[in-house]
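A.B. asks: Here it is, the structure, as structure tokens.
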Amino acid sequence: MISEKMEKALNEQINEELYSAYLYLAMSAWFESQNLPGFAAWMKVQMREENVHALKLFDFIHERRGRAVLKAIKEPGKDWKSPLAAFEAALEHEQHITGCINKLMNLAVAEKDHATAGLLQWFVKEQVEEEASADRIVQMLKMAANAPGALLMLDHAMGERK
Ligand code: OFO
């Protein structure tokens, strides 16, 4: 059985994950509008991953005899100044999510809720990857600055993500 406090906190995280999905889908649409289909496809894959994150929490809450409660998802941005600005925003968002996961872990530890801490350990590792992949792309986009050919090559590579 999950505590009420933990259930509420995990429900808030479901909303964060669904917002992540929404944000990346908005970024995908923006990349489409910039004629960068590879980046758009990468963002769509990322959106699907975020939905998986939300569902992991959703299923876990129910396994522990809790109840997932869905709230409104805030509106994501619509325009970014450049591909670099979009990925810098994505990186900043992932750093925010890492902070959320750390707070959840602190709560699970304080409540001696080992089952939730076990689930959150998966998210802790995932956040290391999430930040690293956004940061890698930020660095590549910085290297490609003012070189349209490099940006197009990068777009092609990004489209390979499955
Ligand atoms: Fe991007 O890791 Fe979930 O939100």
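By order in the structure tokens, chains are A, B, ...; within a chain, residues start at 1; ligands start at 1, following the order shown.
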How would you write, as a ChimeraX atom specification, the set of residues no farther than 7 Å from ligand 1 when counting only C-alpha atoms and all ligand atoms?
C.D. replies: /A:16-17,20,50,53,94,97,126-127,130
A.B. asks: With N, CA and C atoms retained, write the just-selected residues as a PDB file, in the first residue's frame.
C.D. replies:
```pdb
ATOM      1  N   GLU A  16       4.260  15.699 -14.841  1.00  0.00           N
ATOM      2  CA  GLU A  16       5.550  16.192 -15.370  1.00  0.00           C
ATOM      3  C   GLU A  16       5.959  15.391 -16.607  1.00  0.00           C
ATOM      4  N   GLU A  17       5.768  14.067 -16.527  1.00  0.00           N
ATOM      5  CA  GLU A  17       6.190  13.216 -17.649  1.00  0.00           C
ATOM      6  C   GLU A  17       5.307  13.457 -18.873  1.00  0.00           C
ATOM      7  N   SER A  20       6.430  16.518 -20.385  1.00  0.00           N
ATOM      8  CA  SER A  20       7.656  16.279 -21.161  1.00  0.00           C
ATOM      9  C   SER A  20       7.277  15.786 -22.559  1.00  0.00           C
ATOM     10  N   GLU A  50       8.699   9.474 -23.169  1.00  0.00           N
ATOM     11  CA  GLU A  50       8.109  10.178 -22.028  1.00  0.00           C
ATOM     12  C   GLU A  50       6.755   9.577 -21.651  1.00  0.00           C
ATOM     13  N   HIS A  53       7.456   6.698 -19.575  1.00  0.00           N
ATOM     14  CA  HIS A  53       7.783   7.098 -18.195  1.00  0.00           C
ATOM     15  C   HIS A  53       6.499   7.343 -17.388  1.00  0.00           C
ATOM     16  N   GLU A  94      15.226  18.591 -18.861  1.00  0.00           N
ATOM     17  CA  GLU A  94      15.669  17.313 -18.268  1.00  0.00           C
ATOM     18  C   GLU A  94      16.336  17.537 -16.915  1.00  0.00           C
ATOM     19  N   ILE A  97      13.620  17.813 -14.522  1.00  0.00           N
ATOM     20  CA  ILE A  97      13.043  16.486 -14.215  1.00  0.00           C
ATOM     21  C   ILE A  97      13.958  15.718 -13.252  1.00  0.00           C
ATOM     22  N   GLU A 126      17.864   6.649 -15.638  1.00  0.00           N
ATOM     23  CA  GLU A 126      17.318   7.158 -16.896  1.00  0.00           C
ATOM     24  C   GLU A 126      17.654   8.649 -17.065  1.00  0.00           C
ATOM     25  N   GLN A 127      17.601   9.389 -15.966  1.00  0.00           N
ATOM     26  CA  GLN A 127      17.885  10.827 -16.056  1.00  0.00           C
ATOM     27  C   GLN A 127      19.345  11.103 -16.415  1.00  0.00           C
ATOM     28  N   GLU A 130      19.177  10.736 -20.070  1.00  0.00           N
ATOM     29  CA  GLU A 130      18.389  11.812 -20.693  1.00  0.00           C
ATOM     30  C   GLU A 130      19.202  13.104 -20.769  1.00  0.00           C
TER      31      GLU A 130
END
```
A.B. asks: Would you kindly return, as a list in words, each protein, DNA or RNA residue with an atom no farther than 12 Å from any atom of Gln139 (chain A), considering only C-alpha atoms and excluding same-chain residues fewer than 2 positions away?
C.D. replies: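 Counting only the stated atoms, we get Pro83, Leu84, Ala85, Phe87, Glu88, Leu91, Ala132, Ser133, Ala134, Asp135, Arg136, Ile137, Leu141, Lys142, Met143, Ala144, Ala145 and Leu154 of chain A.
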A.B. asks: What gap, in Å, lies between CA of Val45 (chain A) and CA of Arg161 (chain A)?
C.D. replies: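 Result for CA of Val45 (chain A) versus CA of Arg161 (chain A): 7.4 Å, one decimal.
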A.B. asks: Write out as an mmCIF file with C-alpha atoms, in the first residue's frame each polymer residue whose atoms come within 10 Å of Thr98 (chain A), counting only C-alpha atoms; drop sequence neighbours fewer than 4 positions from it.
C.D. replies:
```cif
data_model
loop_
_atom_site.group_PDB
_atom_site.id
_atom_site.type_symbol
_atom_site.label_atom_id
_atom_site.label_comp_id
_atom_site.auth_asym_id
_atom_site.auth_seq_id
_atom_site.Cartn_x
_atom_site.Cartn_y
_atom_site.Cartn_z
ATOM 1 C CA GLU A 92 17.177 22.511 -19.088
ATOM 2 C CA HIS A 93 13.889 20.632 -18.895
ATOM 3 C CA GLU A 94 15.669 17.313 -18.268
ATOM 4 C CA ASN A 102 15.624 13.418 -6.659
ATOM 5 C CA LYS A 103 12.909 14.998 -4.511
ATOM 6 C CA LEU A 104 10.691 11.941 -4.983
ATOM 7 C CA PHE A 123 14.342 6.918 -13.137
ATOM 8 C CA VAL A 124 17.572 8.117 -11.504
ATOM 9 C CA LYS A 125 19.588 6.113 -14.062
ATOM 10 C CA GLU A 126 17.318 7.158 -16.896
ATOM 11 C CA GLN A 127 17.885 10.827 -16.056
ATOM 12 C CA VAL A 128 21.647 10.379 -16.381
ATOM 13 C CA GLU A 130 18.389 11.812 -20.693
ATOM 14 C CA GLU A 131 20.668 14.671 -19.679
#
```
A.B. asks: With distances taken over only C-alpha atoms, which of A:Met158, A:Met1, A:Ala110, A:Leu18 is nearest to Met43 (chain A)?
C.D. replies: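 Smallest separation from Met43 (chain A) among the options: A:Met158.
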A.B. asks: I need the alpha helix (DSSP H) residues of region 64-148 of chain A per DSSP on the backbone, written as a ChimeraX atom specification.
C.D. replies: /A:83-110,114-143,148
A.B. asks: Need to verify the contact set: region 54-57 of chain A, 10 Å, only C-alpha atoms, exclusion of same-chain residues closer than 4 positions in sequence. Can you return it as a PyMOL selection string?
C.D. replies: chain A and resi 7+10-11+13-21+48-50+61-63+68+116+119-120+123
A.B. asks: Using CA of Trp42 (chain A) and CA of Glu12 (chain A) as the two end points, give the distance in Å to one decimal.
C.D. replies: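 Taking CA of Trp42 (chain A) and CA of Glu12 (chain A), their separation equals 25.9 Å.
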A.B. asks: Measure the distance from CA of Asp113 (chain A) to CA of Met6 (chain A) in Å and round it to one decimal.
C.D. replies: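 Taking CA of Asp113 (chain A) and CA of Met6 (chain A), their separation equals 8.8 Å.
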A.B. asks: Closest to Ser82 (chain A) among A:Ala117, A:Met105, A:Leu151, A:Leu70, using only C-alpha atoms?
C.D. replies: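 Under the stated criterion, the closest residue is A:Leu151.
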